[in-house]
file query-v2.tsv (TSV, C-alpha atoms and all ligand atoms)
chain	number	residue	atom	x	y	z
A	1160	MET	CA	21.46	10.34	-42.54
A	1161	LYS	CA	19.65	10.66	-39.17
A	1162	ASN	CA	19.87	13.85	-37.10
A	1163	PRO	CA	22.61	13.64	-34.44
A	1164	VAL	CA	21.62	12.69	-30.89
A	1165	ARG	CA	23.17	14.78	-28.13
A	1166	VAL	CA	24.77	12.66	-25.41
A	1167	ALA	CA	26.16	14.20	-22.21
A	1168	VAL	CA	28.78	12.31	-20.21
A	1169	THR	CA	29.93	13.63	-16.85
A	1170	GLY	CA	33.23	12.56	-15.33
A	1171	ALA	CA	34.35	12.23	-18.94
A	1172	ALA	CA	38.07	12.12	-18.15
A	1173	GLY	CA	37.69	9.37	-15.55
A	1174	GLN	CA	38.18	5.63	-15.92
A	1175	ILE	CA	34.62	4.80	-16.93
A	1176	GLY	CA	34.52	7.79	-19.26
A	1177	TYR	CA	37.61	6.47	-21.04
A	1178	SER	CA	35.90	3.11	-21.64
A	1179	LEU	CA	32.57	4.66	-22.55
A	1180	LEU	CA	33.11	7.59	-24.90
A	1181	PHE	CA	34.86	5.71	-27.69
A	1182	ARG	CA	32.17	3.05	-27.79
A	1183	ILE	CA	29.40	5.65	-27.91
A	1184	ALA	CA	31.20	7.46	-30.74
A	1185	SER	CA	31.61	4.21	-32.68
A	1186	GLY	CA	27.86	3.56	-32.62
A	1187	GLU	CA	27.71	0.73	-30.09
A	1188	MET	CA	25.16	2.48	-27.89
A	1189	LEU	CA	22.68	4.02	-30.32
A	1190	GLY	CA	23.34	2.09	-33.53
A	1191	LYS	CA	25.76	2.17	-36.42
A	1192	ASP	CA	23.54	4.60	-38.35
A	1193	GLN	CA	23.06	7.14	-35.54
A	1194	PRO	CA	25.36	10.20	-35.45
A	1195	VAL	CA	26.12	11.57	-31.99
A	1196	ILE	CA	27.33	14.82	-30.47
A	1197	LEU	CA	29.28	14.22	-27.24
A	1198	GLN	CA	28.89	16.89	-24.55
A	1199	MET	CA	31.46	16.17	-21.86
A	1200	LEU	CA	31.60	17.59	-18.35
A	1201	GLU	CA	34.59	17.57	-16.02
A	1202	LEU	CA	35.56	19.36	-12.84
A	1203	PRO	CA	36.94	22.91	-13.28
A	1204	MET	CA	40.38	21.88	-11.94
A	1205	GLU	CA	43.30	22.30	-14.34
A	1206	LYS	CA	44.26	18.63	-14.20
A	1207	ALA	CA	40.75	17.36	-14.95
A	1208	GLN	CA	40.30	19.84	-17.80
A	1209	ALA	CA	43.70	18.93	-19.29
A	1210	ALA	CA	42.80	15.23	-19.11
A	1211	LEU	CA	39.46	15.97	-20.79
A	1212	LYS	CA	41.30	17.82	-23.59
A	1213	GLY	CA	43.47	14.73	-24.07
A	1214	VAL	CA	40.42	12.47	-24.33
A	1215	MET	CA	38.89	14.82	-26.89
A	1216	MET	CA	42.12	14.79	-28.90
A	1217	GLU	CA	41.99	10.99	-28.93
A	1218	LEU	CA	38.33	11.00	-29.96
A	1219	GLU	CA	39.31	13.30	-32.81
A	1220	ASP	CA	42.14	10.96	-33.78
A	1221	CYS	CA	39.72	8.06	-34.16
A	1222	ALA	CA	37.96	9.92	-37.01
A	1223	PHE	CA	34.69	8.25	-36.07
A	1224	PRO	CA	32.25	8.75	-38.96
A	1225	LEU	CA	29.33	8.97	-36.47
A	1226	LEU	CA	30.90	11.63	-34.24
A	1227	ALA	CA	29.12	14.77	-35.44
A	1228	GLY	CA	30.49	17.12	-32.78
A	1229	MET	CA	32.08	17.47	-29.35
A	1230	VAL	CA	31.82	19.88	-26.46
A	1231	GLY	CA	34.16	19.80	-23.44
A	1232	THR	CA	33.26	21.99	-20.49
A	1233	ASP	CA	33.22	22.52	-16.73
A	1234	ASP	CA	29.74	24.06	-16.85
A	1235	ALA	CA	26.79	21.67	-16.39
A	1236	GLU	CA	24.42	23.99	-18.25
A	1237	VAL	CA	26.70	23.87	-21.30
A	1238	ALA	CA	27.15	20.09	-21.06
A	1239	PHE	CA	23.43	19.42	-20.70
A	1240	LYS	CA	22.17	21.94	-23.28
A	1241	ASP	CA	19.48	20.18	-25.37
A	1242	VAL	CA	20.80	16.71	-24.51
A	1243	ASP	CA	18.70	13.67	-25.38
A	1244	ILE	CA	20.73	11.32	-23.17
A	1245	ALA	CA	22.70	12.11	-20.02
A	1246	LEU	CA	25.13	9.64	-18.49
A	1247	LEU	CA	25.96	10.94	-15.02
A	1248	VAL	CA	29.19	9.12	-14.24
A	1249	GLY	CA	31.29	11.72	-12.39
A	1250	ALA	CA	30.95	11.56	-8.64
A	1251	ARG	CA	33.00	12.20	-5.57
A	1252	PRO	CA	34.91	9.03	-4.63
A	1253	ARG	CA	35.16	7.94	-1.03
A	1254	GLY	CA	38.31	9.46	0.52
A	1255	PRO	CA	40.33	8.33	3.52
A	1256	GLY	CA	38.36	8.59	6.75
A	1257	MET	CA	35.15	9.43	4.91
A	1258	GLU	CA	31.99	7.75	6.18
A	1259	ARG	CA	29.29	6.56	3.78
A	1260	LYS	CA	27.16	9.43	5.13
A	1261	ASP	CA	29.81	12.01	4.17
A	1262	LEU	CA	30.00	10.50	0.70
A	1263	LEU	CA	26.23	10.72	0.38
A	1264	LEU	CA	26.21	14.38	1.34
A	1265	GLU	CA	29.11	15.33	-0.94
A	1266	ASN	CA	27.42	13.61	-3.86
A	1267	ALA	CA	24.03	15.02	-2.97
A	1268	LYS	CA	25.45	18.50	-3.69
A	1269	ILE	CA	26.70	17.39	-7.13
A	1270	PHE	CA	23.45	15.69	-8.12
A	1271	THR	CA	21.24	18.50	-6.83
A	1272	ALA	CA	23.14	20.93	-9.06
A	1273	GLN	CA	23.19	18.57	-12.05
A	1274	GLY	CA	19.48	17.77	-11.70
A	1275	ALA	CA	18.72	21.50	-11.66
A	1276	ALA	CA	20.89	22.06	-14.75
A	1277	LEU	CA	19.12	19.23	-16.61
A	1278	ASN	CA	15.81	20.73	-15.55
A	1279	LYS	CA	16.83	24.04	-17.04
A	1280	VAL	CA	18.48	23.15	-20.35
A	1281	ALA	CA	18.07	19.48	-21.37
A	1282	SER	CA	15.57	18.13	-23.89
A	1283	ARG	CA	12.21	17.55	-22.17
A	1284	ASP	CA	12.54	13.88	-23.22
A	1285	VAL	CA	16.08	13.45	-21.89
A	1286	LYS	CA	16.89	9.92	-20.73
A	1287	VAL	CA	19.12	10.08	-17.65
A	1288	LEU	CA	21.27	7.22	-16.36
A	1289	VAL	CA	23.13	7.69	-13.09
A	1290	VAL	CA	26.27	5.57	-12.74
A	1291	GLY	CA	28.18	7.55	-10.08
A	1292	ASN	CA	27.79	6.05	-6.61
A	1293	PRO	CA	25.66	5.82	-4.55
A	1294	ALA	CA	23.87	5.48	-7.90
A	1295	ASN	CA	20.26	4.94	-6.77
A	1296	THR	CA	20.25	7.81	-4.30
A	1297	ASN	CA	22.13	10.12	-6.67
A	1298	ALA	CA	19.49	9.36	-9.32
A	1299	TYR	CA	16.75	10.05	-6.78
A	1300	ILE	CA	18.36	13.40	-5.90
A	1301	ALA	CA	18.73	14.40	-9.57
A	1302	MET	CA	15.09	13.45	-10.22
A	1303	LYS	CA	13.87	15.50	-7.26
A	1304	SER	CA	15.99	18.45	-8.40
A	1305	ALA	CA	14.38	18.44	-11.86
A	1306	PRO	CA	10.68	19.01	-11.16
A	1307	ASP	CA	9.88	20.07	-14.74
A	1308	LEU	CA	11.14	16.81	-16.24
A	1309	PRO	CA	9.15	13.56	-16.03
A	1310	ALA	CA	10.33	11.50	-13.04
A	1311	LYS	CA	10.36	8.37	-15.22
A	1312	ASN	CA	13.24	9.85	-17.25
A	1313	PHE	CA	15.62	9.32	-14.30
A	1314	THR	CA	17.19	5.89	-13.83
A	1315	ALA	CA	20.03	4.30	-11.87
A	1316	MET	CA	22.43	1.64	-13.11
A	1317	LEU	CA	21.72	-1.90	-11.92
A	1318	ARG	CA	22.74	-3.40	-15.25
A	1319	LEU	CA	26.26	-4.24	-14.14
A	1320	ASP	CA	24.77	-6.29	-11.30
A	1321	HIS	CA	22.37	-7.93	-13.77
A	1322	ASN	CA	25.24	-8.82	-16.12
A	1323	ARG	CA	27.38	-10.10	-13.24
A	1324	ALA	CA	24.51	-12.32	-12.10
A	1325	LEU	CA	24.00	-13.64	-15.65
A	1326	SER	CA	27.62	-14.73	-15.91
A	1327	GLN	CA	27.61	-16.43	-12.50
A	1328	LEU	CA	24.42	-18.31	-13.37
A	1329	ALA	CA	25.66	-19.34	-16.81
A	1330	GLY	CA	28.84	-20.72	-15.22
A	1331	LYS	CA	26.97	-22.62	-12.52
A	1332	ALA	CA	24.38	-24.12	-14.85
A	1333	GLY	CA	26.77	-24.73	-17.77
A	1334	VAL	CA	24.64	-22.74	-20.21
A	1335	ALA	CA	25.22	-19.76	-22.49
A	1336	VAL	CA	24.63	-16.28	-21.06
A	1337	ALA	CA	22.54	-15.45	-24.13
A	1338	ASP	CA	20.11	-18.29	-23.40
A	1339	ILE	CA	19.16	-17.02	-19.93
A	1340	GLU	CA	15.92	-15.03	-19.74
A	1341	ASN	CA	13.86	-13.46	-16.96
A	1342	LEU	CA	16.53	-12.56	-14.44
A	1343	VAL	CA	16.20	-9.60	-12.09
A	1344	VAL	CA	18.30	-7.77	-9.50
A	1345	TRP	CA	16.05	-5.99	-7.01
A	1346	GLY	CA	16.88	-2.85	-5.07
A	1347	ASN	CA	20.01	-0.85	-4.44
A	1348	HIS	CA	23.35	-0.97	-6.31
A	1349	SER	CA	25.12	-2.01	-3.14
A	1350	PRO	CA	25.88	-5.27	-1.37
A	1351	THR	CA	22.24	-5.34	-0.15
A	1352	MET	CA	20.91	-5.93	-3.69
A	1353	TYR	CA	18.88	-9.09	-4.31
A	1354	PRO	CA	19.81	-11.00	-7.48
A	1355	ASP	CA	16.80	-13.27	-8.09
A	1356	TYR	CA	16.68	-16.17	-10.56
A	1357	ARG	CA	13.39	-17.70	-9.38
A	1358	PHE	CA	11.73	-16.78	-12.69
A	1359	ALA	CA	14.77	-17.32	-14.92
A	1360	THR	CA	14.60	-19.76	-17.80
A	1361	VAL	CA	17.03	-21.38	-20.22
A	1362	ASN	CA	15.44	-22.28	-23.52
A	1363	GLY	CA	12.08	-22.19	-21.76
A	1364	GLU	CA	13.10	-24.46	-18.83
A	1365	SER	CA	13.36	-23.24	-15.24
A	1366	LEU	CA	16.93	-22.28	-14.35
A	1367	LYS	CA	16.17	-22.65	-10.64
A	1368	THR	CA	15.08	-26.26	-11.17
A	1369	ARG	CA	18.13	-26.93	-13.30
A	1370	ILE	CA	20.52	-25.50	-10.68
A	1371	ASN	CA	18.52	-26.97	-7.77
A	1372	ASP	CA	20.92	-25.71	-5.10
A	1373	GLU	CA	19.37	-23.34	-2.56
A	1374	ALA	CA	22.51	-23.33	-0.42
A	1375	TRP	CA	24.51	-22.08	-3.42
A	1376	ASN	CA	21.88	-19.39	-4.05
A	1377	LYS	CA	21.99	-18.05	-0.50
A	1378	ASP	CA	25.60	-18.64	0.50
A	1379	THR	CA	27.48	-18.14	-2.76
A	1380	PHE	CA	25.47	-16.52	-5.56
A	1381	ILE	CA	23.74	-13.66	-3.73
A	1382	PRO	CA	26.83	-12.52	-1.75
A	1383	LYS	CA	29.14	-12.99	-4.75
A	1384	VAL	CA	27.10	-10.73	-7.00
A	1385	GLY	CA	26.56	-8.24	-4.17
A	1386	LYS	CA	30.24	-7.99	-3.32
A	1387	ARG	CA	31.61	-8.19	-6.86
A	1388	GLY	CA	32.39	-4.47	-7.00
A	1389	ALA	CA	34.53	-4.75	-3.87
A	1390	ALA	CA	36.26	-7.88	-5.28
A	1391	ILE	CA	37.22	-5.95	-8.44
A	1392	ILE	CA	38.60	-3.07	-6.35
A	1393	GLU	CA	40.60	-5.57	-4.28
A	1394	ALA	CA	42.01	-7.23	-7.43
A	1395	ARG	CA	42.64	-4.15	-9.59
A	1396	GLY	CA	43.24	-1.49	-6.99
A	1397	LEU	CA	40.62	0.49	-8.92
A	1398	SER	CA	36.89	0.08	-9.28
A	1399	SER	CA	35.39	-1.65	-12.29
A	1400	ALA	CA	35.49	0.56	-15.36
A	1401	ALA	CA	35.20	-1.35	-18.66
A	1402	SER	CA	32.40	-3.56	-17.31
A	1403	ALA	CA	30.65	-0.52	-15.84
A	1404	ALA	CA	30.89	1.33	-19.17
A	1405	ASN	CA	29.63	-1.79	-20.94
A	1406	ALA	CA	26.64	-1.97	-18.62
A	1407	ALA	CA	25.85	1.72	-19.18
A	1408	ILE	CA	25.86	1.08	-22.94
A	1409	ASP	CA	23.58	-1.96	-22.49
A	1410	HIS	CA	21.18	0.08	-20.32
A	1411	ILE	CA	20.82	2.99	-22.75
A	1412	ARG	CA	20.86	0.83	-25.90
A	1413	ASP	CA	17.97	-1.27	-24.61
A	1414	TRP	CA	16.05	1.76	-23.35
A	1415	VAL	CA	16.36	3.55	-26.71
A	1416	LEU	CA	16.34	0.64	-29.16
A	1417	GLY	CA	14.37	-1.96	-27.18
A	1418	SER	CA	15.25	-5.10	-25.24
A	1419	ASN	CA	13.58	-7.48	-27.73
A	1420	ASP	CA	11.08	-8.73	-25.15
A	1421	LYS	CA	13.91	-9.62	-22.75
A	1422	TRP	CA	13.79	-8.62	-19.10
A	1423	VAL	CA	16.57	-6.27	-18.08
A	1424	THR	CA	17.13	-4.62	-14.70
A	1425	MET	CA	16.87	-0.86	-14.35
A	1426	GLY	CA	16.77	1.30	-11.24
A	1427	ILE	CA	13.59	3.32	-11.73
A	1428	PRO	CA	11.28	5.39	-9.52
A	1429	SER	CA	8.84	3.00	-7.86
A	1430	ASP	CA	5.15	3.18	-8.72
A	1431	GLY	CA	4.30	1.65	-5.34
A	1432	SER	CA	4.14	-1.92	-6.65
A	1433	TYR	CA	5.96	-4.83	-5.00
A	1434	GLY	CA	5.61	-3.08	-1.63
A	1435	ILE	CA	8.21	-0.46	-2.60
A	1436	PRO	CA	7.05	3.06	-1.66
A	1437	GLU	CA	6.39	5.36	-4.57
A	1438	GLY	CA	9.38	7.33	-5.80
A	1439	VAL	CA	12.12	5.12	-4.34
A	1440	MET	CA	14.78	4.50	-7.02
A	1441	TYR	CA	14.72	0.71	-6.96
A	1442	GLY	CA	16.07	-2.02	-9.27
A	1443	VAL	CA	13.21	-3.91	-10.95
A	1444	PRO	CA	12.75	-6.05	-14.07
A	1445	VAL	CA	11.64	-4.08	-17.13
A	1446	ILE	CA	11.05	-4.71	-20.81
A	1447	CYS	CA	11.96	-1.86	-23.16
A	1448	ALA	CA	10.23	-1.00	-26.44
A	1449	ASN	CA	9.67	2.18	-28.47
A	1450	GLY	CA	11.99	4.24	-26.29
A	1451	GLU	CA	10.12	3.40	-23.06
A	1452	TYR	CA	10.62	0.90	-20.25
A	1453	ARG	CA	7.72	-1.08	-18.80
A	1454	ARG	CA	7.94	-2.73	-15.38
A	1455	VAL	CA	7.34	-6.51	-15.34
A	1456	GLU	CA	4.31	-6.78	-13.07
A	1457	ASN	CA	2.69	-9.24	-10.69
A	1458	LEU	CA	5.67	-11.46	-9.99
A	1459	GLU	CA	5.31	-13.61	-6.92
A	1460	VAL	CA	7.11	-12.34	-3.81
A	1461	ASP	CA	7.65	-15.26	-1.41
A	1462	ALA	CA	8.84	-14.94	2.19
A	1463	PHE	CA	12.57	-15.06	1.35
A	1464	ALA	CA	12.17	-12.58	-1.52
A	1465	ARG	CA	10.16	-10.24	0.74
A	1466	GLU	CA	12.89	-10.30	3.34
A	1467	ARG	CA	15.62	-9.57	0.77
A	1468	MET	CA	13.59	-6.88	-1.00
A	1469	ASP	CA	12.81	-5.14	2.30
A	1470	PHE	CA	16.45	-5.34	3.40
A	1471	THR	CA	17.72	-3.44	0.35
A	1472	LEU	CA	14.73	-1.07	0.58
A	1473	ALA	CA	15.61	-0.21	4.18
A	1474	GLU	CA	19.09	0.88	3.05
A	1475	LEU	CA	17.61	3.06	0.29
A	1476	GLU	CA	15.19	4.65	2.71
A	1477	GLU	CA	18.02	5.37	5.11
A	1478	GLU	CA	19.97	7.04	2.29
A	1479	ARG	CA	16.89	9.02	1.30
A	1480	THR	CA	16.40	10.21	4.88
A	1481	GLY	CA	20.08	11.20	5.02
A	1482	VAL	CA	19.69	13.64	2.11
A	1483	ALA	CA	16.07	14.75	2.67
A	1484	HIS	CA	17.08	18.10	4.20
A	1485	LEU	CA	18.87	19.05	0.95
A	1486	LEU	CA	15.85	18.46	-1.24
A	1487	GLY	CA	13.48	21.07	0.12
B	1501	LIG	N1	26.59	1.89	-10.76
B	1501	LIG	C1	27.60	1.08	-11.02
B	1501	LIG	O1	27.40	-0.10	-11.35
B	1501	LIG	C2	29.04	1.55	-10.92
B	1501	LIG	C3	30.08	0.70	-11.29
B	1501	LIG	C4	31.39	1.15	-11.22
B	1501	LIG	C5	31.65	2.43	-10.77
B	1501	LIG	N2	30.62	3.22	-10.39
B	1501	LIG	C6	30.86	4.60	-9.92
B	1501	LIG	O2	31.06	5.45	-11.06
B	1501	LIG	C7	31.76	6.62	-10.65
B	1501	LIG	C8	32.90	6.93	-11.60
B	1501	LIG	O3	33.85	5.89	-11.57
B	1501	LIG	P1	35.27	6.05	-12.28
B	1501	LIG	O4	35.98	4.78	-12.05
B	1501	LIG	O5	35.10	6.57	-13.67
B	1501	LIG	O6	35.90	7.18	-11.36
B	1501	LIG	P2	37.12	8.16	-11.69
B	1501	LIG	O7	37.50	8.78	-10.39
B	1501	LIG	O8	38.15	7.49	-12.53
B	1501	LIG	O9	36.43	9.26	-12.61
B	1501	LIG	C9	35.46	10.13	-12.14
B	1501	LIG	C10	35.62	11.43	-12.90
B	1501	LIG	O10	34.54	12.26	-12.53
B	1501	LIG	C11	35.03	13.57	-12.40
B	1501	LIG	N3	34.07	14.29	-11.54
B	1501	LIG	C12	33.94	14.24	-10.19
B	1501	LIG	N4	32.98	15.07	-9.79
B	1501	LIG	C13	32.46	15.62	-10.91
B	1501	LIG	C14	31.45	16.57	-11.14
B	1501	LIG	N5	30.77	17.12	-10.14
B	1501	LIG	N6	31.17	16.91	-12.42
B	1501	LIG	C15	31.87	16.38	-13.43
B	1501	LIG	N7	32.87	15.50	-13.28
B	1501	LIG	C16	33.14	15.12	-12.03
B	1501	LIG	C17	36.42	13.42	-11.82
B	1501	LIG	O11	37.22	14.55	-12.09
B	1501	LIG	C18	36.90	12.16	-12.54
B	1501	LIG	O12	37.60	12.48	-13.73
B	1501	LIG	C19	32.19	6.36	-9.20
B	1501	LIG	O13	31.23	6.96	-8.35
B	1501	LIG	C20	32.08	4.84	-9.08
B	1501	LIG	O14	31.89	4.44	-7.74
B	1501	LIG	C21	29.33	2.81	-10.46
B	1502	LIG	O1	32.83	1.70	-6.80
B	1502	LIG	C1	32.38	0.75	-6.16
B	1502	LIG	O2	32.18	0.79	-4.94
B	1502	LIG	C2	32.04	-0.52	-6.88
B	1502	LIG	C3	31.21	-0.32	-8.12
B	1502	LIG	O3	29.99	0.29	-7.83
B	1502	LIG	C4	31.00	-1.65	-8.75
B	1502	LIG	O4	29.93	-2.24	-8.56
B	1502	LIG	O5	31.93	-2.15	-9.41
call {"tool": "encode", "arguments": {"input": "query-v2.tsv", "output": "structure tokens"}}
result
Amino acid sequence: MKNPVRVAVTGAAGQIGYSLLFRIASGEMLGKDQPVILQMLELPMEKAQAALKGVMMELEDCAFPLLAGMVGTDDAEVAFKDVDIALLVGARPRGPGMERKDLLLENAKIFTAQGAALNKVASRDVKVLVVGNPANTNAYIAMKSAPDLPAKNFTAMLRLDHNRALSQLAGKAGVAVADIENLVVWGNHSPTMYPDYRFATVNGESLKTRINDEAWNKDTFIPKVGKRGAAIIEARGLSSAASAANAAIDHIRDWVLGSNDKWVTMGIPSDGSYGIPEGVMYGVPVICANGEYRRVENLEVDAFARERMDFTLAELEEERTGVAHLLG
């Protein structure tokens, strides 16, 4: 039997947490032979802690053979102690009358504190995925607040956008999702993101040539993927949860176990390539192997791509400027 892997999940009693924890405990994220210890963080409020207790009771009632232990706490340093993987899901939702800037600042406080706690107590190899919105900037803040951990260990979730784009493309082209390769979603997890299928193939053939519909790309595909989160909120009255949890599992599974030579999208700190300033937490195509991700390099950036990539970059830089004073 392998040694258990310690997995922290914040916002554990929330909607995404409820879709995520049971799948992690059943082995869907790290493999059916990998025991896990779940270290769950929730707000110190009575209601949140009671809900977390309920989730832990249900986890217990599943009698998962791979669940080697559980911790439920309101203290980030307890939740992150020695963790190998940290899924930062809990975030302050946008309230009535709150501007995007207020949301950024509220969340900046949370991710500054959580980054510092990871810096202090997590495994030095911890893999961090930020799901809580604004995900890219929250990941950037956590990374900056953890100077003793490698910056490359901090990532933001663009996988839901990647998966959404895959399904839209498969539907349009009449092909199977599994047959599509080499897709990427550049930039921010926000409506400014740029889903890009210029390099995508289906069984080795160009998907762009097969679809051959630039108007659909610009007027339907790109806005549909970008605004999908809002469409789910409109339809459900709540933001996406099961699909977000599924994407988080895909992201970590591929990072840890490998993406089998497939491109996947991860928000990672820029190395300066593709005209994205170093350090910006930006969605790019990566291939994962041996527990590491590797950026797909030297892709062509044509005039339209440049415009879209700079548009989403400008938003990220604006967010970064908005929180700069908190980062010292
Ligand atoms: N990146 C993506 O693709 C993506 C997709 C969907 C949702 N999201 C975001 O994920 C986040 C969670 O969504 P949800 O639907 O689970 O929300 P939710 O409100 O149902 O749950 C969030 C939970 O986090 C807890 N929480 C808040 N602040 C916390 C803190 N500082 N420490 C620990 N726990 C804290 C809350 O008590 C709550 O239980 C939101 O920010 C949402 O916008 C991101
Ligand atoms: O919570 C949101 O604003 C939407 C969410 O990020 C999503 O993409 O579903």
call {"tool": "closest_residue", "arguments": {"input": "query-v2.tsv", "among": "A:Thr1169, A:Gln1208, A:Thr1368, A:Asn1162", "to": "Ala1227 of chain A", "atoms": "only C-alpha atoms"}}
result
A:Asn1162
call {"tool": "residues_near_ligand", "arguments": {"input": "query-v2.tsv", "ligand": "ligand LIG 1502 (chain B)", "cutoff": "7 Å", "atoms": "all atoms listed in the file", "output": "tab-separated table (two decimals) with C-alpha atoms, keeping the file's coordinate frame"}}
result
chain	number	residue	atom	x	y	z
A	1292	ASN	CA	27.79	6.05	-6.61
A	1319	LEU	CA	26.26	-4.24	-14.14
A	1348	HIS	CA	23.35	-0.97	-6.31
A	1387	ARG	CA	31.61	-8.19	-6.86
A	1388	GLY	CA	32.39	-4.47	-7.00
A	1389	ALA	CA	34.53	-4.75	-3.87
A	1391	ILE	CA	37.22	-5.95	-8.44
A	1398	SER	CA	36.89	0.08	-9.28
A	1399	SER	CA	35.39	-1.65	-12.29
A	1403	ALA	CA	30.65	-0.52	-15.84
call {"tool": "closest_residue", "arguments": {"input": "query-v2.tsv", "among": "A:Asn1449, A:Gln1193, A:Gln1198, A:Ser1429", "to": "Leu1472 of chain A", "atoms": "only C-alpha atoms"}}
result
A:Ser1429
call {"tool": "closest_atom_pairs", "arguments": {"input": "query-v2.tsv", "of": "chain A", "to": "ligand LIG 1501 (chain B)", "cutoff": "7 Å", "atoms": "only C-alpha atoms and all ligand atoms", "output": "tab-separated table"}}
result
residue	atom	partner	partner_atom	distance
A:Thr1169	CA	B:LIG1501	C15	4.8
A:Gly1170	CA	B:LIG1501	O10	3.1
A:Ala1171	CA	B:LIG1501	O12	6.1
A:Ala1172	CA	B:LIG1501	O12	4.5
A:Gly1173	CA	B:LIG1501	O9	3.2
A:Gln1174	CA	B:LIG1501	O8	3.9
A:Ile1175	CA	B:LIG1501	O5	3.7
A:Gly1176	CA	B:LIG1501	O5	5.8
A:Leu1200	CA	B:LIG1501	C15	5.1
A:Glu1201	CA	B:LIG1501	N7	3.8
A:Leu1202	CA	B:LIG1501	N7	4.7
A:Ala1207	CA	B:LIG1501	O11	5.3
A:Val1248	CA	B:LIG1501	C8	5.1
A:Gly1249	CA	B:LIG1501	O10	3.3
A:Ala1250	CA	B:LIG1501	N4	4.2
A:Arg1251	CA	B:LIG1501	N4	5.1
A:Pro1252	CA	B:LIG1501	O13	5.6
A:Ile1269	CA	B:LIG1501	N5	5.1
A:Val1290	CA	B:LIG1501	N1	4.2
A:Gly1291	CA	B:LIG1501	O13	3.6
A:Asn1292	CA	B:LIG1501	O13	4.0
A:Pro1293	CA	B:LIG1501	O13	6.8
A:Ala1294	CA	B:LIG1501	N1	5.3
A:Met1316	CA	B:LIG1501	N1	4.8
A:Leu1317	CA	B:LIG1501	O1	6.0
A:Arg1318	CA	B:LIG1501	O1	6.9
A:Leu1319	CA	B:LIG1501	O1	5.1
A:Asp1320	CA	B:LIG1501	O1	6.7
A:His1348	CA	B:LIG1501	N1	6.2
A:Ser1398	CA	B:LIG1501	O4	5.5
A:Ser1399	CA	B:LIG1501	C4	5.0
A:Ala1400	CA	B:LIG1501	O4	5.4
A:Ala1403	CA	B:LIG1501	C3	4.7
call {"tool": "closest_residue", "arguments": {"input": "query-v2.tsv", "among": "A:Lys1260, A:Arg1182, A:Arg1253, A:Arg1165", "to": "Glu1477 of chain A", "atoms": "all atoms listed in the file"}}
result
A:Lys1260
call {"tool": "atom_distance", "arguments": {"input": "query-v2.tsv", "atom1": "atom CA of Ala1301 of chain A", "atom2": "atom CA of Glu1265 of chain A"}}
result
13.5 Å
call {"tool": "axis_aligned_box", "arguments": {"input": "query-v2.tsv", "around": "segment 1417-1429 of chain A", "padding_each_side": "8 Å", "output": "AutoDock Vina command-line options"}}
result
--center_x 13.0 --center_y -2.1 --center_z -17.8 --size_x 24.3 --size_y 31.0 --size_z 35.9
call {"tool": "atom_distance", "arguments": {"input": "query-v2.tsv", "atom1": "atom CA of Lys1331 of chain A", "atom2": "atom CA of Trp1375 of chain A"}}
result
9.4 Å
call {"tool": "closest_residue", "arguments": {"input": "query-v2.tsv", "among": "A:Lys1377, A:Arg1454, A:Lys1386, A:Arg1283", "to": "Val1343 of chain A", "atoms": "only C-alpha atoms"}}
result
A:Arg1454
call {"tool": "residues_around", "arguments": {"input": "query-v2.tsv", "residues": "Pro1309 of chain A", "least_positions_apart": "4", "cutoff": "12 Å", "atoms": "all atoms listed in the file", "output": "number ranges by chain"}}
result
A: 1274, 1277-1278, 1281-1287, 1301-1305, 1313-1314, 1427-1428, 1438
call {"tool": "closest_residue", "arguments": {"input": "query-v2.tsv", "among": "A:Arg1369, A:Ala1235, A:Glu1258, A:Ala1167", "to": "Thr1271 of chain A", "atoms": "all atoms listed in the file"}}
result
A:Ala1235
call {"tool": "residues_around", "arguments": {"input": "query-v2.tsv", "residues": "Asn1347 of chain A", "least_positions_apart": "3", "cutoff": "10 Å", "atoms": "all atoms listed in the file", "output": "PDB file with C-alpha atoms, keeping the file's coordinate frame"}}
result
ATOM      1  CA  PRO A1293      25.660   5.820  -4.550  1.00  0.00           C
ATOM      2  CA  ALA A1294      23.870   5.480  -7.900  1.00  0.00           C
ATOM      3  CA  ASN A1295      20.260   4.940  -6.770  1.00  0.00           C
ATOM      4  CA  THR A1296      20.250   7.810  -4.300  1.00  0.00           C
ATOM      5  CA  ALA A1315      20.030   4.300 -11.870  1.00  0.00           C
ATOM      6  CA  MET A1316      22.430   1.640 -13.110  1.00  0.00           C
ATOM      7  CA  LEU A1317      21.720  -1.900 -11.920  1.00  0.00           C
ATOM      8  CA  ASP A1320      24.770  -6.290 -11.300  1.00  0.00           C
ATOM      9  CA  VAL A1344      18.300  -7.770  -9.500  1.00  0.00           C
ATOM     10  CA  PRO A1350      25.880  -5.270  -1.370  1.00  0.00           C
ATOM     11  CA  THR A1351      22.240  -5.340  -0.150  1.00  0.00           C
ATOM     12  CA  MET A1352      20.910  -5.930  -3.690  1.00  0.00           C
ATOM     13  CA  TYR A1353      18.880  -9.090  -4.310  1.00  0.00           C
ATOM     14  CA  GLY A1385      26.560  -8.240  -4.170  1.00  0.00           C
ATOM     15  CA  GLY A1426      16.770   1.300 -11.240  1.00  0.00           C
ATOM     16  CA  VAL A1439      12.120   5.120  -4.340  1.00  0.00           C
ATOM     17  CA  MET A1440      14.780   4.500  -7.020  1.00  0.00           C
ATOM     18  CA  TYR A1441      14.720   0.710  -6.960  1.00  0.00           C
ATOM     19  CA  GLY A1442      16.070  -2.020  -9.270  1.00  0.00           C
ATOM     20  CA  VAL A1443      13.210  -3.910 -10.950  1.00  0.00           C
ATOM     21  CA  MET A1468      13.590  -6.880  -1.000  1.00  0.00           C
ATOM     22  CA  PHE A1470      16.450  -5.340   3.400  1.00  0.00           C
ATOM     23  CA  THR A1471      17.720  -3.440   0.350  1.00  0.00           C
ATOM     24  CA  LEU A1472      14.730  -1.070   0.580  1.00  0.00           C
ATOM     25  CA  ALA A1473      15.610  -0.210   4.180  1.00  0.00           C
ATOM     26  CA  GLU A1474      19.090   0.880   3.050  1.00  0.00           C
ATOM     27  CA  LEU A1475      17.610   3.060   0.290  1.00  0.00           C
TER      28      LEU A1475
END
